[in-house]
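Engineer: So that you have it, the file is data_14.cif, and it contains mmCIF, C-alpha atoms and all ligand atoms:
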data_input
#
loop_
_atom_site.label_atom_id
_atom_site.label_comp_id
_atom_site.auth_asym_id
_atom_site.auth_seq_id
_atom_site.Cartn_x
_atom_site.Cartn_y
_atom_site.Cartn_z
CA MET A 1 -28.55 17.33 64.01
CA LYS A 2 -31.64 17.11 66.20
CA LEU A 3 -34.01 20.05 66.22
CA HIS A 4 -33.65 20.81 69.93
CA THR A 5 -29.86 20.65 69.67
CA LYS A 6 -30.03 23.22 66.88
CA ILE A 7 -32.30 25.49 68.93
CA PHE A 8 -30.08 25.09 71.97
CA ILE A 9 -26.96 26.00 69.99
CA ALA A 10 -28.77 29.04 68.59
CA LEU A 11 -29.73 30.13 72.10
CA LEU A 12 -26.28 29.62 73.52
CA SER A 13 -24.47 31.37 70.67
CA ALA A 14 -26.84 34.35 70.96
CA ILE A 15 -26.03 34.66 74.67
CA LEU A 16 -22.27 34.27 74.15
CA LEU A 17 -22.16 36.63 71.19
CA GLY A 18 -24.25 39.19 73.09
CA ALA A 19 -21.86 38.99 76.04
CA LEU A 20 -18.87 39.28 73.72
CA PHE A 21 -20.27 42.47 72.19
CA GLN A 22 -20.48 43.95 75.68
CA ILE A 23 -16.98 42.85 76.65
CA VAL A 24 -15.17 44.12 73.55
CA GLY A 25 -17.13 47.39 73.56
CA LEU A 26 -19.11 46.74 70.39
CA HIS A 27 -22.41 47.08 72.20
CA GLU A 28 -23.30 50.53 70.82
CA TRP A 29 -22.45 49.50 67.29
CA GLY A 30 -24.49 46.30 67.65
CA LEU A 31 -27.43 48.24 69.02
CA ALA A 32 -27.35 50.70 66.13
CA TYR A 33 -26.75 48.40 63.18
CA LEU A 34 -27.36 44.80 64.16
CA ALA A 35 -30.35 45.05 66.49
CA PRO A 36 -32.78 46.43 63.89
CA LEU A 37 -32.00 43.58 61.51
CA LEU A 38 -32.20 40.91 64.18
CA GLY A 39 -35.38 42.49 65.51
CA LEU A 40 -36.91 42.36 62.04
CA PHE A 41 -36.30 38.66 61.62
CA ALA A 42 -37.34 37.92 65.21
CA GLN A 43 -40.64 39.73 64.66
CA PHE A 44 -41.10 37.90 61.38
CA PHE A 45 -40.73 34.56 63.17
CA LEU A 46 -43.05 35.59 66.01
CA ARG A 47 -45.68 36.77 63.56
CA LEU A 48 -45.54 33.48 61.66
CA LEU A 49 -46.14 31.64 64.92
CA SER A 50 -48.97 33.84 66.14
CA MET A 51 -50.56 33.78 62.69
CA ILE A 52 -51.39 30.08 63.06
CA VAL A 53 -52.32 30.01 66.75
CA ILE A 54 -56.02 30.85 66.42
CA PRO A 55 -56.71 28.40 63.56
CA ILE A 56 -54.89 25.65 65.49
CA VAL A 57 -56.74 26.31 68.73
CA ILE A 58 -60.19 26.46 67.12
CA CYS A 59 -59.74 23.47 64.82
CA SER A 60 -58.06 21.23 67.36
CA LEU A 61 -60.54 22.03 70.12
CA ILE A 62 -63.50 21.36 67.85
CA CYS A 63 -61.98 18.14 66.49
CA GLY A 64 -60.96 17.05 69.99
CA ILE A 65 -64.39 17.64 71.48
CA VAL A 66 -66.76 16.84 68.64
CA GLY A 67 -64.70 13.86 67.45
CA GLU A 68 -65.46 12.34 70.85
CA SER A 69 -68.31 9.82 70.81
CA ARG A 70 -69.76 10.83 74.14
CA LEU A 71 -69.68 14.13 75.95
CA GLY A 72 -69.23 12.27 79.26
CA SER A 73 -65.67 11.05 78.63
CA LEU A 74 -64.69 14.56 77.66
CA GLY A 75 -66.12 15.75 80.97
CA ARG A 76 -63.83 13.32 82.77
CA LEU A 77 -60.79 14.54 80.83
CA GLY A 78 -61.82 18.13 81.45
CA LEU A 79 -62.23 17.59 85.17
CA ARG A 80 -58.85 15.86 85.51
CA THR A 81 -57.19 18.62 83.51
CA VAL A 82 -58.67 21.42 85.58
CA LEU A 83 -57.84 19.67 88.85
CA PHE A 84 -54.24 19.15 87.86
CA TYR A 85 -53.92 22.71 86.61
CA LEU A 86 -55.19 24.06 89.92
CA LEU A 87 -52.97 21.75 91.96
CA SER A 88 -49.78 22.51 90.06
CA THR A 89 -50.43 26.25 90.10
CA PHE A 90 -51.11 26.18 93.82
CA LEU A 91 -47.86 24.29 94.47
CA ALA A 92 -46.02 26.85 92.34
CA VAL A 93 -47.42 29.77 94.34
CA MET A 94 -46.49 28.07 97.60
CA THR A 95 -42.91 27.45 96.40
CA GLY A 96 -42.58 31.14 95.54
CA PHE A 97 -44.21 32.20 98.81
CA PHE A 98 -41.84 30.04 100.82
CA LEU A 99 -38.67 31.23 99.07
CA VAL A 100 -39.48 34.94 99.09
CA ASN A 101 -40.14 34.76 102.81
CA LEU A 102 -36.98 32.77 103.37
CA ILE A 103 -34.60 34.93 101.31
CA GLN A 104 -36.41 38.25 101.89
CA PRO A 105 -34.82 39.89 98.82
CA GLY A 106 -36.56 43.23 99.34
CA VAL A 107 -35.65 43.88 102.96
CA GLY A 108 -33.22 46.79 103.10
CA ALA A 109 -33.02 47.11 99.30
CA ASN A 110 -32.85 50.59 97.81
CA ILE A 111 -34.47 50.53 94.39
CA GLU A 112 -35.55 53.38 92.14
CA PHE A 113 -38.76 53.27 90.16
CA THR A 114 -38.42 53.32 86.41
CA GLU A 115 -41.15 54.18 83.97
CA SER A 116 -43.67 51.37 83.74
CA PRO A 117 -45.43 50.96 80.42
CA HIS A 118 -48.03 48.62 81.88
CA GLN A 119 -50.95 50.77 80.81
CA THR A 120 -50.31 50.06 77.15
CA ILE A 121 -51.37 46.40 77.31
CA GLY A 122 -54.66 47.24 79.02
CA ALA A 123 -54.89 45.36 82.29
CA PRO A 124 -58.39 44.58 83.48
CA ASP A 125 -59.51 46.82 86.31
CA SER A 126 -60.67 44.25 88.79
CA MET A 127 -61.45 40.63 89.47
CA ARG A 128 -64.99 41.23 88.23
CA ASP A 129 -63.61 42.48 84.93
CA LEU A 130 -61.37 39.47 84.69
CA ILE A 131 -64.27 37.06 85.13
CA LEU A 132 -66.57 38.95 82.75
CA ARG A 133 -63.92 38.87 80.03
CA ILE A 134 -64.34 35.11 79.73
CA VAL A 135 -67.53 35.58 77.74
CA PRO A 136 -66.96 37.44 74.46
CA LYS A 137 -69.46 40.14 73.60
CA ASN A 138 -68.60 39.67 69.98
CA ILE A 139 -66.67 36.65 68.77
CA PHE A 140 -65.06 38.54 65.88
CA ASP A 141 -63.87 41.16 68.28
CA ALA A 142 -62.34 38.42 70.46
CA LEU A 143 -60.64 36.89 67.41
CA ALA A 144 -59.28 40.20 66.23
CA SER A 145 -57.93 41.13 69.64
CA PHE A 146 -56.42 37.69 70.29
CA ASP A 147 -58.50 37.24 73.40
CA MET A 148 -57.71 33.57 73.97
CA ILE A 149 -59.93 32.91 76.98
CA ALA A 150 -62.95 34.32 75.15
CA ILE A 151 -62.08 32.38 71.99
CA ILE A 152 -61.75 29.13 73.93
CA PHE A 153 -65.01 29.78 75.76
CA PHE A 154 -66.89 30.28 72.51
CA THR A 155 -65.25 27.26 70.84
CA VAL A 156 -65.97 24.87 73.71
CA PHE A 157 -69.53 26.17 73.90
CA PHE A 158 -69.95 25.70 70.16
CA ALA A 159 -68.40 22.22 70.26
CA ALA A 160 -70.59 21.10 73.15
CA PHE A 161 -73.72 22.14 71.26
CA CYS A 162 -72.61 20.16 68.21
CA PHE A 163 -73.88 17.15 70.18
CA THR A 164 -77.41 18.47 69.94
CA VAL A 165 -77.52 18.24 66.14
CA ALA A 166 -77.84 15.18 63.87
CA GLN A 167 -74.90 12.79 63.62
CA GLU A 168 -74.50 13.59 59.93
CA SER A 169 -74.04 17.33 60.54
CA ARG A 170 -71.62 16.59 63.34
CA GLU A 171 -69.48 14.43 61.08
CA ARG A 172 -69.43 17.14 58.46
CA ILE A 173 -68.22 19.65 61.05
CA VAL A 174 -65.42 17.37 62.26
CA GLY A 175 -64.39 16.55 58.68
CA PHE A 176 -64.20 20.22 57.80
CA PHE A 177 -62.14 21.27 60.81
CA ASN A 178 -59.93 18.18 60.58
CA ALA A 179 -59.02 19.04 57.01
CA ILE A 180 -58.08 22.57 58.00
CA LEU A 181 -56.10 21.26 60.96
CA GLU A 182 -54.03 19.03 58.68
CA VAL A 183 -53.06 22.01 56.54
CA VAL A 184 -52.30 24.21 59.54
CA MET A 185 -50.13 21.47 61.05
CA ALA A 186 -48.16 21.26 57.79
CA MET A 187 -47.66 25.04 57.99
CA THR A 188 -46.53 24.62 61.60
CA LEU A 189 -43.89 22.07 60.65
CA PHE A 190 -42.48 24.47 58.11
CA ILE A 191 -42.38 27.34 60.62
CA ILE A 192 -40.73 25.07 63.18
CA SER A 193 -37.82 24.53 60.83
CA LEU A 194 -37.13 28.26 61.16
CA ALA A 195 -37.08 28.08 64.98
CA PRO A 196 -33.28 27.97 65.46
CA TYR A 197 -32.86 31.20 63.44
CA GLY A 198 -35.84 32.83 65.12
CA VAL A 199 -34.51 31.95 68.55
CA PHE A 200 -31.05 33.28 67.75
CA CYS A 201 -32.40 36.63 66.54
CA LEU A 202 -34.84 37.01 69.45
CA VAL A 203 -32.26 36.38 72.15
CA MET A 204 -29.36 38.27 70.57
CA ASN A 205 -31.62 41.25 69.99
CA LEU A 206 -32.81 41.12 73.58
CA ILE A 207 -29.28 41.10 74.97
CA LEU A 208 -28.23 44.02 72.77
CA GLU A 209 -31.26 46.04 73.86
CA THR A 210 -31.26 45.23 77.58
CA GLY A 211 -27.59 44.85 78.44
CA PHE A 212 -26.57 43.39 81.76
CA SER A 213 -26.36 46.47 83.97
CA ALA A 214 -30.09 46.57 84.78
CA PHE A 215 -29.76 43.37 86.76
CA LEU A 216 -27.35 44.47 89.47
CA PRO A 217 -29.67 46.32 91.90
CA LEU A 218 -32.30 43.63 91.50
CA ALA A 219 -29.95 40.66 91.71
CA LYS A 220 -31.38 39.22 94.92
CA TYR A 221 -34.94 39.46 93.66
CA PHE A 222 -33.90 37.95 90.36
CA VAL A 223 -32.18 35.04 92.07
CA THR A 224 -35.22 34.40 94.29
CA VAL A 225 -37.63 34.15 91.34
CA PHE A 226 -35.17 32.04 89.40
CA ALA A 227 -34.52 29.67 92.29
CA ALA A 228 -38.23 29.20 92.97
CA LEU A 229 -38.92 28.56 89.28
CA THR A 230 -36.05 26.08 89.14
CA ILE A 231 -37.39 24.15 92.14
CA HIS A 232 -40.85 23.99 90.62
CA PHE A 233 -39.51 23.08 87.18
CA THR A 234 -36.98 20.44 88.13
CA LEU A 235 -38.46 18.95 91.31
CA VAL A 236 -42.16 19.58 91.90
CA LEU A 237 -43.51 19.05 88.38
CA PRO A 238 -41.33 15.99 87.53
CA PHE A 239 -42.31 14.52 90.91
CA LEU A 240 -46.00 14.89 90.04
CA LEU A 241 -45.41 13.10 86.74
CA LYS A 242 -43.39 10.34 88.33
CA ILE A 243 -45.82 9.50 91.14
CA THR A 244 -48.92 9.58 88.97
CA THR A 245 -47.61 7.77 85.88
CA SER A 246 -44.08 6.46 86.60
CA LEU A 247 -43.08 7.86 83.19
CA SER A 248 -39.66 9.47 82.84
CA PRO A 249 -39.66 13.29 83.15
CA GLN A 250 -36.30 13.36 81.32
CA LYS A 251 -37.77 11.62 78.29
CA LEU A 252 -40.69 14.02 78.27
CA ALA A 253 -38.34 17.00 78.58
CA SER A 254 -36.27 15.74 75.70
CA ALA A 255 -39.36 15.24 73.52
CA MET A 256 -40.71 18.67 74.39
CA ALA A 257 -37.33 20.46 74.28
CA PRO A 258 -37.98 22.42 71.06
CA ALA A 259 -41.17 23.82 72.59
CA LEU A 260 -39.53 24.56 75.95
CA LEU A 261 -36.60 26.37 74.34
CA THR A 262 -38.95 28.33 72.10
CA ALA A 263 -41.06 29.27 75.12
CA PHE A 264 -37.91 30.56 76.78
CA SER A 265 -36.89 32.59 73.74
CA THR A 266 -40.28 34.04 72.82
CA ALA A 267 -41.65 34.55 76.36
CA SER A 268 -45.06 33.67 74.97
CA SER A 269 -47.05 30.51 75.67
CA ASN A 270 -49.43 31.42 72.86
CA ALA A 271 -46.71 31.81 70.25
CA THR A 272 -45.18 28.51 71.41
CA LEU A 273 -48.46 26.59 71.23
CA PRO A 274 -48.08 25.36 67.62
CA LEU A 275 -44.69 23.89 68.55
CA THR A 276 -45.96 22.44 71.81
CA MET A 277 -48.76 20.64 69.98
CA ALA A 278 -46.55 19.36 67.20
CA CYS A 279 -43.91 18.07 69.65
CA ALA A 280 -46.58 16.47 71.85
CA GLU A 281 -47.99 14.47 68.99
CA ARG A 282 -44.89 13.66 66.98
CA ARG A 283 -42.12 13.48 69.58
CA ALA A 284 -43.92 12.50 72.81
CA GLY A 285 -46.57 10.25 71.28
CA ILE A 286 -49.51 11.93 73.02
CA GLY A 287 -52.89 11.12 71.45
CA LYS A 288 -54.50 13.90 69.42
CA ARG A 289 -57.66 13.92 71.51
CA VAL A 290 -55.77 14.66 74.72
CA ASN A 291 -53.19 17.09 73.40
CA SER A 292 -55.70 19.07 71.34
CA PHE A 293 -57.84 19.63 74.40
CA VAL A 294 -55.28 19.99 77.19
CA LEU A 295 -52.65 22.17 75.49
CA PRO A 296 -54.70 25.09 74.13
CA LEU A 297 -56.48 25.29 77.46
CA GLY A 298 -53.18 25.08 79.34
CA ALA A 299 -51.49 27.76 77.24
CA THR A 300 -54.31 30.06 78.26
CA VAL A 301 -55.14 29.24 81.85
CA ASN A 302 -52.35 27.11 83.34
CA MET A 303 -49.49 29.39 84.23
CA ASP A 304 -47.49 28.02 87.13
CA GLY A 305 -44.48 30.21 86.44
CA THR A 306 -46.62 33.33 86.26
CA ALA A 307 -48.46 32.53 89.50
CA LEU A 308 -45.19 31.90 91.32
CA TYR A 309 -43.72 35.09 89.93
CA GLU A 310 -46.75 37.19 90.93
CA CYS A 311 -46.47 36.01 94.50
CA VAL A 312 -42.71 36.60 94.77
CA ALA A 313 -42.82 39.98 93.01
CA VAL A 314 -45.66 41.43 95.11
CA ILE A 315 -44.10 40.35 98.39
CA PHE A 316 -40.73 41.67 97.19
CA VAL A 317 -42.20 45.10 96.43
CA ALA A 318 -43.93 45.12 99.82
CA GLN A 319 -40.61 44.30 101.49
CA VAL A 320 -38.82 47.11 99.63
CA LEU A 321 -41.48 49.62 100.63
CA GLY A 322 -41.49 48.35 104.20
CA TYR A 323 -45.20 47.64 103.82
CA GLU A 324 -46.53 45.32 106.47
CA LEU A 325 -48.32 42.26 105.15
CA THR A 326 -50.83 40.90 107.63
CA LEU A 327 -51.84 37.25 107.46
CA ALA A 328 -55.04 38.22 105.65
CA LYS A 329 -53.02 40.15 103.06
CA GLN A 330 -50.61 37.27 102.57
CA LEU A 331 -53.52 34.92 101.96
CA THR A 332 -54.99 37.46 99.54
CA ILE A 333 -51.69 37.48 97.65
CA ILE A 334 -51.63 33.67 97.41
CA PHE A 335 -55.23 33.50 96.24
CA THR A 336 -55.10 36.39 93.79
CA SER A 337 -51.76 35.21 92.34
CA LEU A 338 -53.50 31.98 91.43
CA LEU A 339 -56.51 33.72 89.89
CA VAL A 340 -54.49 36.35 88.09
CA SER A 341 -52.28 33.69 86.49
CA ILE A 342 -55.41 32.04 85.11
CA GLY A 343 -56.52 35.32 83.60
CA ALA A 344 -53.11 36.36 82.25
CA ALA A 345 -52.71 36.10 78.48
CA GLY A 346 -49.93 33.94 77.08
CA ILE A 347 -47.99 36.91 75.74
CA PRO A 348 -44.78 38.66 76.87
CA HIS A 349 -45.06 40.70 80.09
CA ALA A 350 -48.70 39.72 80.68
CA GLY A 351 -47.80 38.66 84.22
CA LEU A 352 -46.34 42.04 85.09
CA VAL A 353 -49.35 43.82 83.66
CA MET A 354 -51.80 41.69 85.59
CA MET A 355 -49.96 42.30 88.82
CA VAL A 356 -51.82 45.59 89.10
CA ILE A 357 -54.84 43.60 90.27
CA ILE A 358 -52.93 42.15 93.23
CA PHE A 359 -51.44 45.55 94.06
CA LYS A 360 -54.96 46.92 94.23
CA ALA A 361 -56.20 44.01 96.30
CA VAL A 362 -53.58 44.51 99.00
CA GLY A 363 -53.27 48.29 98.73
CA LEU A 364 -49.78 48.72 97.27
CA PRO A 365 -49.06 51.78 95.09
CA LEU A 366 -49.48 50.88 91.41
CA GLU A 367 -46.41 52.84 90.24
CA ALA A 368 -44.25 50.45 92.26
CA THR A 369 -44.53 47.87 89.47
CA GLY A 370 -41.99 50.10 87.70
CA MET A 371 -39.42 48.85 90.19
CA ILE A 372 -39.20 45.43 88.59
CA TRP A 373 -39.85 46.30 84.96
CA ALA A 374 -36.16 46.47 84.01
CA VAL A 375 -35.55 42.77 84.59
CA ASP A 376 -38.96 41.48 83.65
CA ARG A 377 -38.12 40.15 80.22
CA VAL A 378 -35.62 37.55 81.36
CA LEU A 379 -37.83 36.42 84.23
CA ASP A 380 -40.68 36.28 81.74
CA MET A 381 -38.66 33.90 79.58
CA ALA A 382 -38.06 31.60 82.54
CA ARG A 383 -41.65 31.69 83.78
CA THR A 384 -43.04 31.07 80.29
CA MET A 385 -40.87 27.98 79.98
CA THR A 386 -42.24 26.80 83.33
CA ASN A 387 -45.79 27.52 82.16
CA VAL A 388 -45.32 25.37 79.08
CA TRP A 389 -43.57 22.61 81.04
CA SER A 390 -46.51 22.41 83.42
CA ASP A 391 -48.90 22.04 80.45
CA CYS A 392 -46.72 19.22 79.11
CA ILE A 393 -46.71 17.40 82.46
CA CYS A 394 -50.46 17.69 82.80
CA MET A 395 -51.01 16.54 79.25
CA THR A 396 -48.84 13.47 79.81
CA ILE A 397 -50.61 12.57 83.05
CA ALA A 398 -53.99 12.94 81.36
CA ALA A 399 -52.82 10.89 78.36
CA LYS A 400 -51.60 8.09 80.62
CA PHE A 401 -54.89 8.01 82.54
CA GLU A 402 -56.84 8.01 79.29
CA ASN A 403 -54.52 5.38 77.81
CA GLU A 404 -53.68 7.64 74.88
CA ILE A 405 -49.94 7.65 74.80
CA ASP A 406 -47.73 5.83 72.33
CA LEU A 407 -44.89 4.64 74.53
CA GLU A 408 -42.63 3.78 71.60
CA ILE A 409 -42.64 7.38 70.46
CA PHE A 410 -42.42 8.64 74.04
CA ASN A 411 -39.31 6.56 74.57
CA GLY A 412 -37.66 8.03 71.49
CA LYS A 413 -38.55 5.45 68.84
CA ASN A 414 -40.64 6.09 65.70
CA VAL A 415 -40.34 9.84 66.12
CA ASP A 416 -41.64 11.75 63.09
CA VAL A 417 -38.57 12.63 60.99
CA SER A 418 -39.92 16.07 60.08
CA ILE A 419 -39.59 17.23 63.69
CA LYS A 420 -36.86 14.99 65.07
N1 LIG B 1 -45.28 35.47 79.15
C1 LIG B 1 -46.02 34.51 79.91
C2 LIG B 1 -46.60 33.45 79.02
O1 LIG B 1 -46.78 33.68 77.86
C3 LIG B 1 -47.09 35.16 80.74
C4 LIG B 1 -46.45 36.06 81.75
O2 LIG B 1 -46.11 37.20 81.43
O3 LIG B 1 -46.24 35.63 82.88
O4 LIG B 1 -46.86 32.35 79.45
#
Take the structure in the file and write it out as structure tokens.
Ligand code: ASP

Structural biologist:
Amino acid sequence: MKLHTKIFIALLSAILLGALFQIVGLHEWGLAYLAPLLGLFAQFFLRLLSMIVIPIVICSLICGIVGESRLGSLGRLGLRTVLFYLLSTFLAVMTGFFLVNLIQPGVGANIEFTESPHQTIGAPDSMRDLILRIVPKNIFDALASFDMIAIIFFTVFFAAFCFTVAQESRERIVGFFNAILEVVMAMTLFIISLAPYGVFCLVMNLILETGFSAFLPLAKYFVTVFAALTIHFTLVLPFLLKITTSLSPQKLASAMAPALLTAFSTASSNATLPLTMACAERRAGIGKRVNSFVLPLGATVNMDGTALYECVAVIFVAQVLGYELTLAKQLTIIFTSLLVSIGAAGIPHAGLVMMVIIFKAVGLPLEATGMIWAVDRVLDMARTMTNVWSDCICMTIAAKFENEIDLEIFNGKNVDVSIK
């Protein structure tokens, strides 16, 4: 059976089984006895994934950049990548903006605030803070606290300066990091084989812990975010791929399916990154140079789903509170949603935490984020999948422009058996 079919079955059976527990009244029992066990395995799987993220990002970025013969061609790839990332994120925000104004899910809604644990993740205080965080004060501190933007900044900086030393030293550096990357990739392939079980435990545990009742008062809001994400996922992004490369979005989706389903289940772009990179190379035929540069960067800064969600959620809260949004404030929301998504970490709930910045920018009360906390996890799963999908689309466009795509693998032939 194909890997993505296995993951899909795991996901579906977790949802059905979770629903069944609710229907036959076994929910309490499941929560008491089953959830801790499922949670344990789910955490085990997540930890395995996050354990290899930093080595993969550092080694692949250094190999991708320093393995390059000239810094100039990397500059071209970098520029294309950043431009696409900005364009796709902007389109995502506009889709969300349009739908939330059309459906107006918050008008007339009566929603209670629940406790919001957003302080625990430590949101930056302001835009200034967000920008300053790019440069690590201490690289070991950044590594220990999983600060991906700072880690990427240091690595790219380091890699760029490798061009100032003698060719021989540069080759030694690439050889060293390449060797580590090979080992880490082998570890990744092993962890990927556990994905169906990990996904099952994550989703079943989530359903047991959340239940379905939290969704009712927020149904309209939920549907708005979901509809906007669906439009961006199934229409806007595939359209961008089709007009720029004429490659099939369906084929790409099928190649990247294990990564997309894992993104949905883990709600973390970072945790999914090892899978995204392995699928890109072995199932979609994307050249190492492109995928090792575009994907780690994308998992950290390109978050279409998050940007869209920020925009919808803030306008929704303003609608519920009857808070008037002037044109200037609406533009502020669009602009800050884009920036905040760039700064958000690829971990669960990061988008909700970062929303505080937009609330401050437009003058909404911070406690009001508590209003949407109850349904955040499921929306997080959907927006993370969109985030990863956007990275995949950008990577494929870049690979086509750079002529670094193996079309046989992309079209489903010669796919590596270990990750079929
Ligand atoms: N969980 C998302 C991600 O990892 C970020 C977010 O919370 O929006 O991509």

Engineer: For stretch 133-144 of chain A, please output as a VMD selection string all residues within 12 Å (counting all atoms listed in the file; exclusion window: fewer than 2 positions along the same chain).

Structural biologist: chain A and resid 51 53 to 55 57 to 58 123 to 131 146 to 158 300 to 301 342 to 345

Engineer: Residues of the last selection are to be written out with C-alpha atoms, as a PDB file, in the coordinates of the input.

Structural biologist:
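Printed below is again-v9.pdb as written:
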ATOM      1  CA  MET A  51     -50.560  33.780  62.690  1.00  0.00           C
ATOM      2  CA  VAL A  53     -52.320  30.010  66.750  1.00  0.00           C
ATOM      3  CA  ILE A  54     -56.020  30.850  66.420  1.00  0.00           C
ATOM      4  CA  PRO A  55     -56.710  28.400  63.560  1.00  0.00           C
ATOM      5  CA  VAL A  57     -56.740  26.310  68.730  1.00  0.00           C
ATOM      6  CA  ILE A  58     -60.190  26.460  67.120  1.00  0.00           C
ATOM      7  CA  ALA A 123     -54.890  45.360  82.290  1.00  0.00           C
ATOM      8  CA  PRO A 124     -58.390  44.580  83.480  1.00  0.00           C
ATOM      9  CA  ASP A 125     -59.510  46.820  86.310  1.00  0.00           C
ATOM     10  CA  SER A 126     -60.670  44.250  88.790  1.00  0.00           C
ATOM     11  CA  MET A 127     -61.450  40.630  89.470  1.00  0.00           C
ATOM     12  CA  ARG A 128     -64.990  41.230  88.230  1.00  0.00           C
ATOM     13  CA  ASP A 129     -63.610  42.480  84.930  1.00  0.00           C
ATOM     14  CA  LEU A 130     -61.370  39.470  84.690  1.00  0.00           C
ATOM     15  CA  ILE A 131     -64.270  37.060  85.130  1.00  0.00           C
ATOM     16  CA  PHE A 146     -56.420  37.690  70.290  1.00  0.00           C
ATOM     17  CA  ASP A 147     -58.500  37.240  73.400  1.00  0.00           C
ATOM     18  CA  MET A 148     -57.710  33.570  73.970  1.00  0.00           C
ATOM     19  CA  ILE A 149     -59.930  32.910  76.980  1.00  0.00           C
ATOM     20  CA  ALA A 150     -62.950  34.320  75.150  1.00  0.00           C
ATOM     21  CA  ILE A 151     -62.080  32.380  71.990  1.00  0.00           C
ATOM     22  CA  ILE A 152     -61.750  29.130  73.930  1.00  0.00           C
ATOM     23  CA  PHE A 153     -65.010  29.780  75.760  1.00  0.00           C
ATOM     24  CA  PHE A 154     -66.890  30.280  72.510  1.00  0.00           C
ATOM     25  CA  THR A 155     -65.250  27.260  70.840  1.00  0.00           C
ATOM     26  CA  VAL A 156     -65.970  24.870  73.710  1.00  0.00           C
ATOM     27  CA  PHE A 157     -69.530  26.170  73.900  1.00  0.00           C
ATOM     28  CA  PHE A 158     -69.950  25.700  70.160  1.00  0.00           C
ATOM     29  CA  THR A 300     -54.310  30.060  78.260  1.00  0.00           C
ATOM     30  CA  VAL A 301     -55.140  29.240  81.850  1.00  0.00           C
ATOM     31  CA  ILE A 342     -55.410  32.040  85.110  1.00  0.00           C
ATOM     32  CA  GLY A 343     -56.520  35.320  83.600  1.00  0.00           C
ATOM     33  CA  ALA A 344     -53.110  36.360  82.250  1.00  0.00           C
ATOM     34  CA  ALA A 345     -52.710  36.100  78.480  1.00  0.00           C
TER      35      ALA A 345
END

Engineer: Could you give me the residues within 8 Å of ligand LIG 1 (chain B), counting only C-alpha atoms and all ligand atoms, as a ChimeraX atom specification?

Structural biologist: /A:263,267-271,299-300,303,305-307,309,341,344-353,380-381,383-385,387-388

Engineer: Name all residues at most 9 Å from stretch 12-29 of chain A (count all atoms listed in the file; drop same-chain ones fewer than 2 positions away) and give them as a list in words.

Structural biologist: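 After dropping sequence-adjacent residues, the list is Ile7, Phe8, Ile9, Ala10, Leu31, Ala32, Tyr33, Leu34, Val199, Phe200, Cys201, Leu202, Val203, Met204, Asn205, Leu206, Ile207, Leu208, Gly211 and Phe212 of chain A.
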
Engineer: Need to verify the contact set: stretch 392-409 of chain A, 10 Å, all atoms listed in the file, exclusion of same-chain residues closer than 3 positions in sequence. Can you return it as number ranges by chain?

Structural biologist: A: 73, 76-78, 80-85, 88, 237-247, 249, 252-253, 255-256, 259-260, 276-277, 279-295, 298-299, 302, 386-389, 412-416

Engineer: Quick one: write out the picked residues with C-alpha atoms as a compact mmCIF listing (two decimals), in the coordinates of the input?

Structural biologist:
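Saved the output as selection07.txt:
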# COMPACT_ATOMS: atom_id res chain seq x y z
CA SER A 73 -65.67 11.05 78.63
CA ARG A 76 -63.83 13.32 82.77
CA LEU A 77 -60.79 14.54 80.83
CA GLY A 78 -61.82 18.13 81.45
CA ARG A 80 -58.85 15.86 85.51
CA THR A 81 -57.19 18.62 83.51
CA VAL A 82 -58.67 21.42 85.58
CA LEU A 83 -57.84 19.67 88.85
CA PHE A 84 -54.24 19.15 87.86
CA TYR A 85 -53.92 22.71 86.61
CA SER A 88 -49.78 22.51 90.06
CA LEU A 237 -43.51 19.05 88.38
CA PRO A 238 -41.33 15.99 87.53
CA PHE A 239 -42.31 14.52 90.91
CA LEU A 240 -46.00 14.89 90.04
CA LEU A 241 -45.41 13.10 86.74
CA LYS A 242 -43.39 10.34 88.33
CA ILE A 243 -45.82 9.50 91.14
CA THR A 244 -48.92 9.58 88.97
CA THR A 245 -47.61 7.77 85.88
CA SER A 246 -44.08 6.46 86.60
CA LEU A 247 -43.08 7.86 83.19
CA PRO A 249 -39.66 13.29 83.15
CA LEU A 252 -40.69 14.02 78.27
CA ALA A 253 -38.34 17.00 78.58
CA ALA A 255 -39.36 15.24 73.52
CA MET A 256 -40.71 18.67 74.39
CA ALA A 259 -41.17 23.82 72.59
CA LEU A 260 -39.53 24.56 75.95
CA THR A 276 -45.96 22.44 71.81
CA MET A 277 -48.76 20.64 69.98
CA CYS A 279 -43.91 18.07 69.65
CA ALA A 280 -46.58 16.47 71.85
CA GLU A 281 -47.99 14.47 68.99
CA ARG A 282 -44.89 13.66 66.98
CA ARG A 283 -42.12 13.48 69.58
CA ALA A 284 -43.92 12.50 72.81
CA GLY A 285 -46.57 10.25 71.28
CA ILE A 286 -49.51 11.93 73.02
CA GLY A 287 -52.89 11.12 71.45
CA LYS A 288 -54.50 13.90 69.42
CA ARG A 289 -57.66 13.92 71.51
CA VAL A 290 -55.77 14.66 74.72
CA ASN A 291 -53.19 17.09 73.40
CA SER A 292 -55.70 19.07 71.34
CA PHE A 293 -57.84 19.63 74.40
CA VAL A 294 -55.28 19.99 77.19
CA LEU A 295 -52.65 22.17 75.49
CA GLY A 298 -53.18 25.08 79.34
CA ALA A 299 -51.49 27.76 77.24
CA ASN A 302 -52.35 27.11 83.34
CA THR A 386 -42.24 26.80 83.33
CA ASN A 387 -45.79 27.52 82.16
CA VAL A 388 -45.32 25.37 79.08
CA TRP A 389 -43.57 22.61 81.04
CA GLY A 412 -37.66 8.03 71.49
CA LYS A 413 -38.55 5.45 68.84
CA ASN A 414 -40.64 6.09 65.70
CA VAL A 415 -40.34 9.84 66.12
CA ASP A 416 -41.64 11.75 63.09
